[in-house]
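Structure record follows, encoded as structure tokens.
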Amino acid sequence: MMRIQLIADGDVITLVDNRLDRHGDAWIRKDGISGLYGATKPKETASGIPQQDGAYWPSRLTASPRTITIDCVTHRGSTIDAIRLIDRINALAYRQVTLLVEDASGRRTLTGWIADNPSQTLLTRLDAMTFSLVVYCPDPNRYGETVCFPTSGGICRVWNEGNAPTWPKAVVSGHVTTLRLAMGDAGEVRWQGDSDGLELDFRDMIPSDGAIVKDLAFPIPPGSHPVTVSADSGATVTMNLRPAWR
């Protein structure tokens, strides 16, 4: 069983893979999903070694964006209902769209935009139609729900249950003037300010208040890792992260 929701600015279009499920807006056609489950190809290519066999390895390997295609069919109660669904699908254009995928793996999300004409085709009776949604996701990873990890004794032990690195978010409750977070040799972040509460997303390193004085931001690799935390007495620090999958 699978359900995919496309969420954009207050509207939710629900796609299901079971034709007996009457709670969706459309059914996903058999073999109608591509690009969702595989890891995307590397962006890098090898450079040939002059006068030698083989090629140089790139300095690093990074993932290409993800393109997902979902082929659908639906039977509406009337031609008017079919036209209304066409309007809702077209309204997704040129907007940020969140894909919430629910299947045997649980709930995972991606974010992107509609990258091509949905190509809605009304069938003979004009109350049924087929369409294809092509969603381009600049970040190819699929993310689970946010998990919060508390700090105890100056250590916050975080766990990324996925198979790809993910950026954490530090959240401080209470009065704080200094904050330090470090994960071994992987990186260190220092913040200074004067604030009642703080949020710092390592993805963009823009704090809700104060200033960053040392920026060696680090993602959380798959698995369990200890993060050393120091802050003002009375301040409570948690680290939030979404596990990530290729």
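Each chain of the structure tokens is named A, B, ... in the order shown, its residues numbered from 1; ligands are numbered from 1 in display order.
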- In range 206-239 of chain A, what's strand (DSSP E) per DSSP? Answer as a ChimeraX atom specification? /A:206-207,211-216,223-231,236-239
Those residues you just picked out, can you put them in a file as a PDB file, in the first residue's frame with N, CA and C atoms?
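New file result_18.pdb:
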```pdb
ATOM      1  N   ILE A 206      22.229  30.369   9.864  1.00  0.00           N
ATOM      2  CA  ILE A 206      21.671  31.691  10.171  1.00  0.00           C
ATOM      3  C   ILE A 206      20.943  31.577  11.510  1.00  0.00           C
ATOM      4  N   PRO A 207      21.517  32.104  12.605  1.00  0.00           N
ATOM      5  CA  PRO A 207      20.870  31.968  13.915  1.00  0.00           C
ATOM      6  C   PRO A 207      19.655  32.871  14.039  1.00  0.00           C
ATOM      7  N   ALA A 211      25.233  36.008  16.911  1.00  0.00           N
ATOM      8  CA  ALA A 211      26.159  35.870  15.781  1.00  0.00           C
ATOM      9  C   ALA A 211      27.003  34.613  15.911  1.00  0.00           C
ATOM     10  N   ILE A 212      27.356  34.050  14.760  1.00  0.00           N
ATOM     11  CA  ILE A 212      28.262  32.904  14.710  1.00  0.00           C
ATOM     12  C   ILE A 212      29.702  33.418  14.769  1.00  0.00           C
ATOM     13  N   VAL A 213      30.485  32.867  15.689  1.00  0.00           N
ATOM     14  CA  VAL A 213      31.886  33.285  15.799  1.00  0.00           C
ATOM     15  C   VAL A 213      32.846  32.208  15.305  1.00  0.00           C
ATOM     16  N   LYS A 214      32.350  30.986  15.131  1.00  0.00           N
ATOM     17  CA  LYS A 214      33.151  29.930  14.508  1.00  0.00           C
ATOM     18  C   LYS A 214      32.214  29.033  13.726  1.00  0.00           C
ATOM     19  N   ASP A 215      32.470  28.915  12.437  1.00  0.00           N
ATOM     20  CA  ASP A 215      31.552  28.188  11.555  1.00  0.00           C
ATOM     21  C   ASP A 215      32.273  27.040  10.869  1.00  0.00           C
ATOM     22  N   LEU A 216      32.291  25.898  11.546  1.00  0.00           N
ATOM     23  CA  LEU A 216      32.728  24.645  10.937  1.00  0.00           C
ATOM     24  C   LEU A 216      31.560  23.663  11.073  1.00  0.00           C
ATOM     25  N   GLY A 223      24.049   6.638  11.598  1.00  0.00           N
ATOM     26  CA  GLY A 223      24.484   6.008  12.839  1.00  0.00           C
ATOM     27  C   GLY A 223      24.379   6.923  14.044  1.00  0.00           C
ATOM     28  N   SER A 224      24.976   6.493  15.148  1.00  0.00           N
ATOM     29  CA  SER A 224      24.922   7.213  16.418  1.00  0.00           C
ATOM     30  C   SER A 224      26.231   7.962  16.637  1.00  0.00           C
ATOM     31  N   HIS A 225      26.122   9.225  17.084  1.00  0.00           N
ATOM     32  CA  HIS A 225      27.312  10.061  17.254  1.00  0.00           C
ATOM     33  C   HIS A 225      27.143  10.979  18.468  1.00  0.00           C
ATOM     34  N   PRO A 226      28.222  11.146  19.275  1.00  0.00           N
ATOM     35  CA  PRO A 226      28.154  12.081  20.401  1.00  0.00           C
ATOM     36  C   PRO A 226      28.543  13.493  19.960  1.00  0.00           C
ATOM     37  N   VAL A 227      27.747  14.471  20.360  1.00  0.00           N
ATOM     38  CA  VAL A 227      28.063  15.877  20.107  1.00  0.00           C
ATOM     39  C   VAL A 227      28.322  16.551  21.446  1.00  0.00           C
ATOM     40  N   THR A 228      29.495  17.169  21.593  1.00  0.00           N
ATOM     41  CA  THR A 228      29.836  17.882  22.814  1.00  0.00           C
ATOM     42  C   THR A 228      29.140  19.235  22.821  1.00  0.00           C
ATOM     43  N   VAL A 229      28.461  19.544  23.918  1.00  0.00           N
ATOM     44  CA  VAL A 229      27.661  20.758  24.012  1.00  0.00           C
ATOM     45  C   VAL A 229      28.046  21.529  25.271  1.00  0.00           C
ATOM     46  N   SER A 230      28.259  22.834  25.133  1.00  0.00           N
ATOM     47  CA  SER A 230      28.438  23.700  26.298  1.00  0.00           C
ATOM     48  C   SER A 230      27.628  24.973  26.087  1.00  0.00           C
ATOM     49  N   ALA A 231      26.920  25.395  27.140  1.00  0.00           N
ATOM     50  CA  ALA A 231      26.074  26.583  27.084  1.00  0.00           C
ATOM     51  C   ALA A 231      25.955  27.143  28.494  1.00  0.00           C
ATOM     52  N   THR A 236      18.801  24.919  28.237  1.00  0.00           N
ATOM     53  CA  THR A 236      18.581  23.538  27.807  1.00  0.00           C
ATOM     54  C   THR A 236      18.786  23.441  26.305  1.00  0.00           C
ATOM     55  N   VAL A 237      19.683  22.542  25.899  1.00  0.00           N
ATOM     56  CA  VAL A 237      20.031  22.413  24.478  1.00  0.00           C
ATOM     57  C   VAL A 237      19.550  21.063  23.953  1.00  0.00           C
ATOM     58  N   THR A 238      18.826  21.090  22.843  1.00  0.00           N
ATOM     59  CA  THR A 238      18.466  19.872  22.129  1.00  0.00           C
ATOM     60  C   THR A 238      18.947  19.994  20.690  1.00  0.00           C
ATOM     61  N   MET A 239      19.188  18.855  20.071  1.00  0.00           N
ATOM     62  CA  MET A 239      19.521  18.831  18.646  1.00  0.00           C
ATOM     63  C   MET A 239      18.440  18.045  17.915  1.00  0.00           C
TER      64      MET A 239
END
```
- Task: Extract, using only C-alpha atoms, all DNA, RNA and protein residues at most 12 Å from Ala91 in chain A, discarding same-chain residues fewer than 4 positions from it, and format them as a ChimeraX atom specification.
- Result: /A:6-13,84-87,95-97,113-114,117-118
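The closest residue to Cys156 in chain A, picked from A:Ala115, A:His175, A:Arg180, A:Pro222 and counting only C-alpha atoms, is A:Arg180.
The gap separating CA of Tyr143 in chain A from CA of Trp245 in chain A is 6.4 Å, in Å to one decimal.
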- Message: Under the rule that only C-alpha atoms are counted, which of A:Ile4, A:Leu92, A:Ala235, A:Ala217 is the nearest residue to Asp71 in chain A?
- Response: A:Ile4
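The helix (DSSP H, G or I) portion of range 42-168 of chain A consists of Thr79, Ile80, Asp81, Ala82, Ile83, Arg84, Leu85, Ile86, Asp87, Arg88, Ile89 and Asn90 of chain A, with states taken from DSSP on the backbone.
The list of residues with at least one atom within 7 Å of range 73-80 of chain A, based on only C-alpha atoms and without residues fewer than 6 positions apart in the same chain, reads Ala26, Trp27, Ile28, Arg29, Leu126, Asp127, Ala128, Met129, Thr130 and Phe131 of chain A.
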